[in-house]
>>> print(open('my_file_13.cif').read())   # mmCIF, C-alpha atoms
data_my_file
loop_
_atom_site.label_atom_id
_atom_site.label_comp_id
_atom_site.auth_asym_id
_atom_site.auth_seq_id
_atom_site.Cartn_x
_atom_site.Cartn_y
_atom_site.Cartn_z
CA MET A 299 234.07 -13.06 84.37
CA LYS A 300 234.51 -14.79 81.04
CA ASN A 301 231.71 -14.98 78.54
CA ALA A 302 231.64 -16.50 75.09
CA ALA A 303 232.07 -13.15 73.36
CA ALA A 304 235.37 -12.42 75.04
CA PRO A 305 238.44 -14.23 73.76
CA ILE A 306 240.83 -15.65 76.32
CA ARG A 307 243.64 -13.16 77.07
CA VAL A 308 247.13 -14.54 77.48
CA MET A 309 250.31 -12.58 78.12
CA MET A 310 253.46 -14.17 76.69
CA THR A 311 256.84 -13.08 77.92
CA LYS A 312 260.37 -14.12 78.77
CA LEU A 313 262.01 -13.43 82.12
CA GLY A 314 265.57 -12.50 82.86
CA LEU A 315 268.71 -13.06 80.85
CA ASP A 316 267.35 -15.27 78.11
CA GLY A 317 267.25 -14.14 74.51
CA HIS A 318 265.89 -17.32 72.93
CA ASP A 319 262.52 -16.07 71.78
CA ARG A 320 261.76 -18.29 68.80
CA GLY A 321 259.67 -20.62 70.96
CA VAL A 322 257.65 -17.93 72.68
CA LYS A 323 256.85 -16.30 69.35
CA ILE A 324 255.69 -19.58 67.84
CA VAL A 325 253.48 -20.23 70.86
CA ALA A 326 252.04 -16.69 70.51
CA ARG A 327 251.23 -17.38 66.88
CA VAL A 328 249.66 -20.76 67.68
CA LEU A 329 247.41 -19.16 70.29
CA ARG A 330 246.43 -16.34 67.93
CA ASP A 331 245.40 -18.90 65.33
CA ALA A 332 243.28 -20.59 67.98
CA GLY A 333 241.31 -17.34 68.46
CA ILE A 334 243.10 -16.18 71.60
CA ASP A 335 244.21 -12.59 72.29
CA VAL A 336 247.93 -12.68 72.98
CA ILE A 337 249.67 -9.72 74.57
CA TYR A 338 253.32 -10.10 73.70
CA ALA A 339 255.35 -8.38 76.40
CA GLY A 340 258.80 -9.13 75.03
CA LEU A 341 261.97 -10.53 76.48
CA HIS A 342 264.50 -9.62 79.20
CA ARG A 343 261.66 -8.65 81.53
CA SER A 344 261.84 -8.60 85.32
CA PRO A 345 259.18 -10.32 87.45
CA GLU A 346 258.01 -6.86 88.62
CA GLU A 347 257.51 -5.66 85.03
CA VAL A 348 255.69 -8.81 84.01
CA VAL A 349 253.34 -8.79 86.98
CA THR A 350 252.56 -5.06 86.59
CA ALA A 351 251.75 -5.60 82.91
CA ALA A 352 249.69 -8.75 83.52
CA ILE A 353 247.56 -6.93 86.10
CA GLN A 354 246.97 -3.89 83.86
CA GLU A 355 246.08 -6.14 80.96
CA ASP A 356 243.88 -8.33 83.20
CA VAL A 357 245.02 -11.46 81.43
CA ASP A 358 243.54 -14.85 82.17
CA VAL A 359 246.90 -16.53 81.79
CA LEU A 360 250.43 -15.28 82.25
CA GLY A 361 252.65 -17.46 80.08
CA VAL A 362 256.33 -17.33 80.94
CA SER A 363 258.97 -18.90 78.75
CA LEU A 364 262.29 -19.73 80.36
CA LEU A 365 265.25 -21.50 78.87
CA SER A 366 267.96 -20.06 81.09
CA GLY A 367 267.72 -22.47 84.02
CA ALA A 368 266.73 -19.70 86.42
CA HIS A 369 263.10 -20.86 86.56
CA MET A 370 262.92 -21.67 90.27
CA PRO A 371 263.73 -18.21 91.68
CA LEU A 372 262.02 -16.30 88.86
CA PHE A 373 258.71 -18.19 89.01
CA GLY A 374 258.82 -17.93 92.80
CA ARG A 375 259.13 -14.16 92.59
CA VAL A 376 256.29 -13.89 90.05
CA LEU A 377 253.95 -15.91 92.25
CA ASP A 378 254.90 -13.88 95.35
CA LEU A 379 254.23 -10.61 93.52
CA LEU A 380 250.85 -11.76 92.23
CA LYS A 381 249.87 -12.64 95.79
CA GLU A 382 251.22 -9.36 97.18
CA ARG A 383 249.24 -7.34 94.65
CA ASN A 384 246.01 -9.24 95.20
CA ALA A 385 246.07 -10.68 91.68
CA LEU A 386 245.85 -14.43 92.22
CA HIS A 387 243.01 -14.48 89.67
CA ILE A 388 245.79 -14.57 87.06
CA THR A 389 246.89 -18.12 86.25
CA VAL A 390 250.60 -18.71 85.66
CA VAL A 391 251.73 -21.21 83.03
CA GLY A 392 255.35 -21.96 82.24
CA GLY A 393 257.17 -23.13 79.18
CA GLY A 394 260.72 -24.22 78.43
CA LEU A 395 263.39 -26.67 79.40
CA MET A 396 263.18 -27.83 83.00
CA PRO A 397 264.02 -31.01 84.94
CA ASP A 398 261.10 -33.25 86.04
CA GLU A 399 261.66 -32.60 89.75
CA ASP A 400 261.51 -28.83 89.20
CA VAL A 401 258.26 -29.15 87.28
CA ALA A 402 256.73 -30.95 90.23
CA LYS A 403 257.99 -28.29 92.64
CA LEU A 404 256.75 -25.43 90.46
CA LYS A 405 253.29 -26.98 90.34
CA GLU A 406 253.29 -27.25 94.11
CA MET A 407 254.26 -23.57 94.32
CA GLY A 408 251.23 -22.60 92.23
CA VAL A 409 252.24 -22.72 88.56
CA ALA A 410 249.17 -24.22 86.85
CA ASP A 411 251.08 -26.18 84.25
CA ILE A 412 254.45 -26.41 82.53
CA MET A 413 254.77 -27.11 78.84
CA ARG A 414 258.12 -28.40 77.74
CA GLN A 415 259.90 -28.69 74.44
CA ASP A 416 257.92 -31.72 73.27
CA SER A 417 254.52 -29.99 73.56
CA THR A 418 252.55 -29.93 70.32
CA PRO A 419 250.57 -26.86 69.22
CA GLU A 420 247.34 -28.76 69.93
CA GLN A 421 248.50 -29.59 73.46
CA ILE A 422 249.47 -25.97 74.09
CA VAL A 423 246.06 -24.63 73.04
CA ALA A 424 244.25 -27.36 74.97
CA THR A 425 246.29 -26.64 78.11
CA ILE A 426 245.51 -22.92 77.97
CA ARG A 427 241.79 -23.60 77.50
CA ARG A 428 241.83 -26.14 80.32
CA VAL A 429 243.52 -23.92 82.91
CA VAL A 430 241.14 -21.05 82.06
CA ALA A 431 238.12 -23.35 82.38
CA GLU A 432 239.38 -24.68 85.72
CA ARG A 433 239.82 -21.15 86.95
CA SER A 434 236.30 -20.09 85.98
CA ASP A 435 234.86 -23.11 87.80
CA ALA A 436 236.64 -22.29 91.02
CA MET B 928 232.00 -8.01 92.93
CA ASP B 929 231.22 -4.33 92.43
CA LEU B 930 234.22 -2.86 90.64
CA VAL B 931 232.94 0.72 90.31
CA PRO B 932 234.05 2.14 93.71
CA GLY B 933 237.57 0.78 93.17
CA VAL B 934 237.70 2.28 89.67
CA LEU B 935 236.61 5.67 91.00
CA ARG B 936 239.39 5.47 93.60
CA GLY B 937 241.83 4.80 90.78
CA GLU B 938 242.82 1.28 91.89
CA THR B 939 244.63 -0.79 89.29
CA VAL B 940 243.00 -4.20 89.71
CA PRO B 941 239.36 -2.97 89.55
CA ILE B 942 240.22 -0.72 86.57
CA ALA B 943 241.82 -3.62 84.73
CA ARG B 944 238.94 -5.98 85.47
CA LEU B 945 236.24 -3.52 84.42
CA LEU B 946 238.15 -2.90 81.20
CA SER B 947 237.82 -6.63 80.48
CA CYS B 948 234.05 -6.41 81.06
CA ALA B 949 233.84 -3.45 78.68
CA GLU B 950 235.79 -5.35 76.10
CA ALA B 951 233.49 -8.35 76.39
CA ALA B 952 230.48 -6.00 76.07
CA ASP B 953 228.36 -8.42 78.08
CA ASP B 954 224.96 -7.42 79.39
CA ALA B 955 226.05 -8.01 82.99
CA SER B 956 228.53 -5.13 82.85
CA ARG B 957 226.10 -2.56 81.45
CA PRO B 958 224.88 -1.16 84.79
CA ALA B 959 228.47 -0.69 85.97
CA LEU B 960 229.47 1.08 82.76
CA ALA B 961 226.42 3.33 83.04
CA ARG B 962 227.51 4.36 86.55
CA ILE B 963 231.04 4.98 85.28
CA PHE B 964 229.67 7.16 82.48
CA GLU B 965 228.25 9.61 85.04
CA HIS B 966 231.78 10.32 86.24
CA THR B 967 233.33 11.04 82.86
CA GLY B 968 234.15 14.24 81.03
CA LYS B 969 237.32 15.41 82.76
CA ALA B 970 240.04 13.73 80.72
CA HIS B 971 241.55 15.04 77.51
CA VAL B 972 241.43 12.30 74.89
CA VAL B 973 244.21 12.26 72.30
CA GLY B 974 244.03 9.95 69.29
CA ILE B 975 247.28 8.91 67.65
CA THR B 976 247.03 7.37 64.22
CA GLY B 977 249.23 6.69 61.20
CA VAL B 978 250.34 3.95 58.85
CA PRO B 979 251.86 0.72 60.22
CA GLY B 980 255.48 1.22 61.18
CA SER B 981 255.24 5.00 61.41
CA GLY B 982 256.34 4.84 65.04
CA LYS B 983 253.02 5.31 66.82
CA SER B 984 253.68 2.98 69.75
CA THR B 985 257.14 4.31 70.47
CA LEU B 986 256.07 7.92 70.25
CA THR B 987 253.01 7.22 72.41
CA ALA B 988 255.31 5.88 75.10
CA VAL B 989 257.69 8.85 75.01
CA LEU B 990 254.78 11.31 74.97
CA ALA B 991 253.19 9.53 77.94
CA GLU B 992 256.45 9.83 79.83
CA GLU B 993 256.62 13.57 79.05
CA PHE B 994 253.15 14.07 80.55
CA ALA B 995 253.75 11.69 83.45
CA ASN B 996 256.94 13.51 84.42
CA SER B 997 254.94 16.70 84.79
CA GLY B 998 252.80 14.89 87.36
CA ARG B 999 249.85 14.02 85.17
CA LYS B 1000 248.23 10.60 85.08
CA VAL B 1001 248.26 9.06 81.62
CA GLY B 1002 246.12 6.17 80.39
CA ILE B 1003 247.10 4.46 77.15
CA ILE B 1004 244.81 2.30 75.03
CA ALA B 1005 246.90 0.57 72.38
CA VAL B 1006 244.90 -1.10 69.63
CA ASP B 1007 246.17 -3.86 67.34
CA PRO B 1008 244.21 -5.88 64.78
CA SER B 1009 242.27 -9.07 65.40
CA SER B 1010 242.74 -11.92 62.96
CA PRO B 1011 239.90 -11.91 60.43
CA PHE B 1012 240.07 -15.72 60.42
CA SER B 1013 240.56 -16.96 63.96
CA GLY B 1014 239.43 -13.83 65.87
CA GLY B 1015 242.64 -14.06 67.89
CA SER B 1016 245.34 -11.40 67.94
CA ILE B 1017 248.90 -10.62 68.83
CA LEU B 1018 248.96 -7.35 70.72
CA GLY B 1019 252.55 -6.17 70.58
CA ASP B 1020 252.40 -2.42 71.19
CA ARG B 1021 253.45 -2.94 74.77
CA ILE B 1022 256.97 -4.02 73.91
CA ARG B 1023 257.63 -0.54 72.49
CA MET B 1024 256.53 0.92 75.81
CA ALA B 1025 258.83 -0.95 78.18
CA ASP B 1026 260.47 2.23 79.50
CA ILE B 1027 257.23 3.60 80.95
CA ALA B 1028 255.59 0.32 81.92
CA MET B 1029 256.65 0.71 85.55
CA ASN B 1030 255.80 4.42 85.85
CA PRO B 1031 253.15 4.74 88.57
CA ASN B 1032 251.44 7.57 86.65
CA VAL B 1033 250.98 5.45 83.53
CA PHE B 1034 248.46 2.69 82.82
CA ILE B 1035 248.73 0.75 79.55
CA ARG B 1036 246.02 -1.47 78.12
CA SER B 1037 246.20 -3.42 74.86
CA MET B 1038 243.00 -4.02 72.91
CA ALA B 1039 242.11 -5.91 69.74
CA THR B 1040 239.93 -4.42 67.02
CA ARG B 1041 237.48 -7.34 66.95
CA GLY B 1042 236.91 -6.63 63.28
CA ALA B 1043 235.62 -3.09 63.89
CA MET B 1044 235.98 -0.96 60.80
CA GLY B 1045 238.29 1.98 61.20
CA GLY B 1046 240.03 0.23 64.03
CA LEU B 1047 237.91 1.40 66.94
CA SER B 1048 235.91 -1.26 68.73
CA ARG B 1049 232.98 -0.36 70.94
CA GLY B 1050 234.96 -1.61 73.91
CA CYS B 1051 237.65 0.94 73.15
CA LEU B 1052 235.26 3.84 73.68
CA ASP B 1053 233.95 2.31 76.90
CA ALA B 1054 237.56 1.88 77.99
CA VAL B 1055 238.11 5.62 77.58
CA ASP B 1056 235.19 6.19 79.97
CA ILE B 1057 236.67 3.87 82.58
CA LEU B 1058 240.10 5.55 82.48
CA ASP B 1059 238.46 8.98 82.54
CA ALA B 1060 236.35 8.12 85.59
CA ALA B 1061 239.41 6.57 87.27
CA GLY B 1062 241.10 9.98 87.24
CA PHE B 1063 243.48 9.82 84.31
CA ASP B 1064 244.14 13.36 83.06
CA ILE B 1065 245.23 12.41 79.58
CA ILE B 1066 244.10 9.37 77.62
CA LEU B 1067 246.13 8.39 74.59
CA ILE B 1068 244.41 6.10 72.09
CA GLU B 1069 246.92 4.54 69.76
CA THR B 1070 244.99 3.19 66.78
CA VAL B 1071 245.88 0.24 64.62
CA GLY B 1072 248.13 1.07 61.73
CA VAL B 1073 245.73 2.60 59.24
CA GLY B 1074 245.56 3.02 55.50
CA GLN B 1075 244.65 6.19 53.69
CA ASP B 1076 241.12 6.84 54.86
CA GLU B 1077 240.39 5.15 58.16
CA ILE B 1078 239.54 8.31 60.01
CA GLU B 1079 237.25 7.03 62.72
CA ILE B 1080 239.56 8.25 65.47
CA VAL B 1081 238.34 11.79 64.75
CA GLN B 1082 235.00 10.78 66.16
CA ALA B 1083 236.47 9.54 69.40
CA ALA B 1084 239.20 12.00 70.37
CA HIS B 1085 239.50 15.67 71.31
CA THR B 1086 242.90 16.06 69.69
CA VAL B 1087 243.98 14.00 66.69
CA ILE B 1088 247.63 13.36 65.95
CA VAL B 1089 248.68 11.81 62.65
CA ALA B 1090 252.15 10.31 62.61
CA SER B 1091 254.02 10.23 59.32
CA ALA B 1092 257.40 8.64 58.87
CA PRO B 1093 260.02 9.88 56.43
CA GLY B 1094 260.54 7.95 53.23
CA LEU B 1095 257.01 6.70 52.69
CA GLY B 1096 255.90 8.93 49.86
CA ASP B 1097 256.20 12.20 48.01
CA GLU B 1098 254.22 15.41 48.00
CA ILE B 1099 251.45 13.81 45.93
CA GLN B 1100 250.81 11.48 48.88
CA ALA B 1101 250.61 14.55 51.04
CA ILE B 1102 247.93 16.32 48.98
CA LYS B 1103 245.68 13.30 48.66
CA ALA B 1104 242.39 13.37 50.52
CA GLY B 1105 241.94 11.25 53.60
CA ILE B 1106 243.88 10.69 56.75
CA LEU B 1107 246.18 13.69 56.46
CA GLU B 1108 243.18 16.02 56.54
CA ILE B 1109 242.04 14.94 59.99
CA ALA B 1110 245.13 15.93 61.96
CA ASP B 1111 245.11 18.70 64.54
CA ILE B 1112 248.79 17.98 64.93
CA HIS B 1113 251.06 16.29 62.41
CA ILE B 1114 254.10 14.50 63.68
CA VAL B 1115 256.97 13.50 61.49
CA THR B 1116 258.61 10.67 63.39
CA LYS B 1117 262.16 9.33 63.14
CA CYS B 1118 263.64 12.83 62.74
CA ASP B 1119 267.04 11.34 63.51
CA ARG B 1120 266.90 10.30 59.83
CA SER B 1121 268.31 12.61 57.21
CA ASP B 1122 265.28 12.50 54.90
CA SER B 1123 262.89 13.71 57.61
CA ASN B 1124 263.23 17.40 56.70
CA ARG B 1125 261.77 16.72 53.30
CA THR B 1126 258.71 15.05 54.82
CA ILE B 1127 258.24 18.01 57.19
CA LEU B 1128 258.48 20.46 54.26
CA GLU B 1129 255.99 18.48 52.17
CA LEU B 1130 253.46 18.37 54.99
CA LYS B 1131 253.89 22.08 55.64
CA GLY B 1132 253.44 22.70 51.92
CA MET B 1133 250.20 20.75 51.96
CA LEU B 1134 248.89 22.72 54.92
CA LYS B 1135 249.83 26.01 53.29
CA MET B 1136 247.57 25.16 50.36
CA GLY B 1137 244.70 24.62 52.77
CA ASP B 1138 245.43 28.10 54.07
CA LEU B 1139 245.24 29.72 50.64
CA THR B 1140 241.70 28.56 50.08
CA LYS B 1141 240.68 29.79 53.54
CA PHE B 1142 238.70 26.65 54.20
CA VAL B 1143 240.43 26.19 57.51
CA GLU B 1144 239.43 28.52 60.28
CA GLY B 1145 240.61 28.72 63.86
CA TRP B 1146 243.20 26.11 64.68
CA GLU B 1147 245.89 25.72 62.09
CA PRO B 1148 247.25 22.17 62.13
CA LYS B 1149 250.84 22.07 63.34
CA VAL B 1150 253.73 20.03 62.03
CA ILE B 1151 256.20 18.80 64.63
CA GLY B 1152 259.28 16.68 64.06
CA THR B 1153 260.08 14.13 66.74
CA SER B 1154 262.75 11.57 67.35
CA SER B 1155 261.66 8.92 69.85
CA LEU B 1156 265.18 7.52 69.72
CA ARG B 1157 266.75 10.80 70.87
CA ARG B 1158 263.65 11.95 72.74
CA GLU B 1159 263.54 15.17 70.78
CA GLY B 1160 260.46 17.24 70.03
CA PHE B 1161 258.29 15.86 72.81
CA GLU B 1162 258.29 18.95 75.02
CA GLU B 1163 256.97 20.88 72.03
CA LEU B 1164 254.46 18.15 71.25
CA ALA B 1165 253.08 18.04 74.81
CA ALA B 1166 252.84 21.85 74.87
CA THR B 1167 251.06 21.86 71.51
CA ILE B 1168 248.51 19.30 72.75
CA ASP B 1169 247.85 21.53 75.77
CA ARG B 1170 247.49 24.56 73.49
CA HIS B 1171 245.05 22.67 71.30
CA ARG B 1172 243.06 21.76 74.37
CA SER B 1173 242.79 25.41 75.45
CA TYR B 1174 241.91 26.39 71.89
CA LEU B 1175 239.04 23.88 71.93
CA GLU B 1176 237.77 25.26 75.21
CA THR B 1177 238.07 28.99 74.46
CA SER B 1178 236.70 28.71 70.91
CA GLY B 1179 233.75 26.53 71.87
CA GLU B 1180 234.95 23.90 69.41
CA ILE B 1181 234.98 21.39 72.28
CA VAL B 1182 231.17 21.44 72.32
CA LYS B 1183 231.07 20.35 68.67
CA ARG B 1184 233.64 17.64 69.23
CA ARG B 1185 231.79 16.31 72.26
CA ARG B 1186 228.59 16.18 70.25
CA LYS B 1187 230.34 14.27 67.50
CA ILE B 1188 231.73 11.78 70.02
CA SER B 1189 228.28 11.24 71.60
CA GLU B 1190 226.73 10.70 68.21
CA THR B 1191 229.42 8.25 67.09
CA ARG B 1192 229.13 6.22 70.25
CA MET B 1193 225.37 5.96 70.14
CA LEU B 1194 225.27 5.07 66.47
CA LYS B 1195 228.09 2.56 66.84
CA ILE B 1196 226.26 0.71 69.58
CA ALA B 1197 222.95 0.87 67.70
CA GLU B 1198 224.72 -0.51 64.67
CA SER B 1199 226.18 -3.43 66.57
CA LEU B 1200 222.81 -4.18 68.20
CA VAL B 1201 221.09 -4.26 64.83
CA ARG B 1202 223.80 -6.44 63.36
CA LYS B 1203 223.52 -8.81 66.31
CA ARG B 1204 219.73 -9.00 65.94
CA PHE B 1205 220.05 -9.77 62.25
CA TYR B 1206 222.40 -12.62 62.93
CA GLU B 1207 220.52 -14.02 65.87
CA GLU B 1208 216.98 -13.78 64.60
CA ARG B 1209 217.04 -13.31 60.85
CA LEU B 1210 219.48 -15.88 59.57
CA GLY B 1211 216.64 -17.44 57.55
CA SER B 1212 215.79 -14.17 55.81
CA ILE B 1213 219.46 -13.44 55.18
CA SER B 1214 220.12 -16.79 53.52
CA GLU B 1215 216.89 -16.64 51.50
CA LEU B 1216 217.74 -13.18 50.13
CA CYS B 1217 221.35 -14.23 49.43
CA GLY B 1218 219.98 -17.13 47.39
CA GLN B 1219 217.83 -14.76 45.35
CA MET B 1220 220.83 -12.50 44.77
CA GLU B 1221 222.93 -15.40 43.56
CA ARG B 1222 220.22 -16.35 41.06
CA LYS B 1223 220.17 -12.66 39.96
CA LYS B 1224 216.54 -12.38 41.02
CA ILE B 1225 217.22 -9.39 43.21
CA ALA B 1226 219.88 -6.66 43.30
CA PRO B 1227 221.93 -6.10 46.48
CA ASP B 1228 220.30 -2.75 47.20
CA ALA B 1229 216.77 -4.12 46.89
CA ALA B 1230 217.69 -7.15 49.00
CA ALA B 1231 219.02 -4.91 51.79
CA ARG B 1232 215.84 -2.83 51.74
CA GLN B 1233 213.69 -5.94 51.90
CA LEU B 1234 215.66 -7.26 54.84
CA LEU B 1235 215.11 -4.01 56.74
CA ALA B 1236 211.43 -3.89 55.76
CA ARG B 1237 210.94 -7.40 57.13
CA ILE B 1238 212.35 -6.36 60.50
CA ASN B 1239 210.24 -3.22 60.64
CA GLY B 1240 207.14 -5.12 59.57
CA GLU B 1241 207.25 -7.49 62.52
#
>>> encode(input="my_file_13.cif", output="structure tokens")
Amino acid sequence: MKNAAAPIRVMMTKLGLDGHDRGVKIVARVLRDAGIDVIYAGLHRSPEEVVTAAIQEDVDVLGVSLLSGAHMPLFGRVLDLLKERNALHITVVGGGLMPDEDVAKLKEMGVADIMRQDSTPEQIVATIRRVVAERSDA
Amino acid sequence: MDLVPGVLRGETVPIARLLSCAEAADDASRPALARIFEHTGKAHVVGITGVPGSGKSTLTAVLAEEFANSGRKVGIIAVDPSSPFSGGSILGDRIRMADIAMNPNVFIRSMATRGAMGGLSRGCLDAVDILDAAGFDIILIETVGVGQDEIEIVQAAHTVIVASAPGLGDEIQAIKAGILEIADIHIVTKCDRSDSNRTILELKGMLKMGDLTKFVEGWEPKVIGTSSLRREGFEELAATIDRHRSYLETSGEIVKRRRKISETRMLKIAESLVRKRFYEERLGSISELCGQMERKKIAPDAAARQLLARINGE
């Protein structure tokens, strides 16, 4: 579906009871400066709201920032909803503070990648481009 | 995958995916968009414009809810600017619309301007078609925050709303030419603020002057105060939009507006095709003529005419 004329579309959001949005805003700005369209959907969102918005916006990547520790149930719910609504063409990427073993589990569940606090802006942009390219190849 | 049947049935995923194709404006999606075009013409298109921070996004959301609660399907196209440097964007209108995001009668789509002057990209007009064909009764286009004379929305909408916020200027601002002249309906937002009455009076004063000279015939632009915070004024606003729609239909004005929209769309596409051809095939000519201009051998006007003549000559 992607051609060169269309910028990558990424939705950035925060799920649940987590008001720490400095990180997600910086990531949004980094992606903008890399020529990506970023739909900023705000914080305190529910998985239902985020999935509804991501489908309407037809984003390539749904980027979820989570610093609350509730990543396992919340990501699980997002992935279930995407499947339920026939929207597995949307790639989920996570960001935030999470233990190594959870990162491994989340990837098994279907999260394409997790970027943690030590990710550099270059790595973030490269990861987004990579997961979109992998998706288009599939 | 053929997305058109799903769009015509009003299904979310095909609508969203075809909107992406329209935004990309790729050749592959042209046949689908042409089929969609045959099914358009039922929706009422409302353009909402105003300076940055005047409350467009918030009022768009409350207005959409007002229509949706009366059982109508509302499509929203919210436009924010693209970066002139990276081409990327941060589309943040959606966060002002959280209250209606889950309403089954409302569909919200964010779009970037892609450098289009006046804030309307070609994809935006194709997006209106898709939402129209998908059965949305009302389509609200929320433009980028505009300056004083970006009035392109007039050539894309049936009803134009200009949002003004209190505290941004005096009556001299209100009698200047430009954006304030294009409104079918003026909204003064943030009417929970004490200085809003003054803004309403100044706008009404400006419109009165238009009356005196009798230049305005038919529909007299209305001034409505709203407070998105207290959800006040929206019943009146929705009713006024409906009245404007019936005015357009009974007066025959709708025919003129439709013609204007057709013309704008065609010319806009032609313009972008010409621009693309210049860049793809005439880079040599462009750089040669630029060189001559920099050496003061040729004036900009003459250079432009030569460039066009070269294309026509081939």
>>> interface_residues(input="my_file_13.cif", of="chain A", to="chain B", cutoff="7 Å", atoms="only C-alpha atoms", output="list in words")
Ala303, Ala304, Arg330, Asp331, Ala332, Gly333, Ile334, Asp335, Val336, Ile337, Tyr338, Ala339, Gly340, Glu347, Ile353, Gln354, Glu355 and Asp356 of chain A
>>> closest_atom_pairs(input="my_file_13.cif", of="range 970-1018 of chain B", to="range 1154-1172 of chain B", cutoff="10 Å", atoms="only C-alpha atoms", output="tab-separated table")
residue	atom	partner	partner_atom	distance
B:His971	CA	B:Arg1172	CA	7.6
B:Val972	CA	B:Arg1172	CA	9.6
B:Val973	CA	B:Ile1168	CA	8.3
B:Gly982	CA	B:Ser1155	CA	8.3
B:Lys983	CA	B:Ser1155	CA	9.8
B:Ser984	CA	B:Ser1155	CA	9.9
B:Thr985	CA	B:Ser1155	CA	6.5
B:Leu986	CA	B:Ser1155	CA	5.7
B:Thr987	CA	B:Ser1155	CA	9.2
B:Ala988	CA	B:Ser1155	CA	8.8
B:Val989	CA	B:Ser1155	CA	6.5
B:Leu990	CA	B:Phe1161	CA	6.1
B:Ala991	CA	B:Ala1165	CA	9.1
B:Glu992	CA	B:Phe1161	CA	9.4
B:Glu993	CA	B:Phe1161	CA	6.9
B:Phe994	CA	B:Ala1165	CA	7.0
>>> residues_around(input="my_file_13.cif", residues="range 380-390 of chain A", least_positions_apart="2", cutoff="8 Å", atoms="all atoms listed in the file", output="list in words")
Val349, Ala352, Ile353, Asp356, Val357, Asp358, Val359, Leu360, Gly361, Val362, Val376, Leu377, Asp378, Gly392, Gly408, Val409, Ala410, Asp411, Val429, Val430 and Arg433 of chain A; Val940 of chain B
>>> closest_residue(input="my_file_13.cif", among="A:Ala368, A:Val423, A:Val325, A:Leu379", to="Leu313 in chain A", atoms="only C-alpha atoms")
A:Ala368
>>> residues_near_point(input="my_file_13.cif", point="(234.0, 11.7, 84.6)", cutoff="12 Å", atoms="all atoms listed in the file", output="ChimeraX atom specification")
/B:934-935,960-971,1055-1064
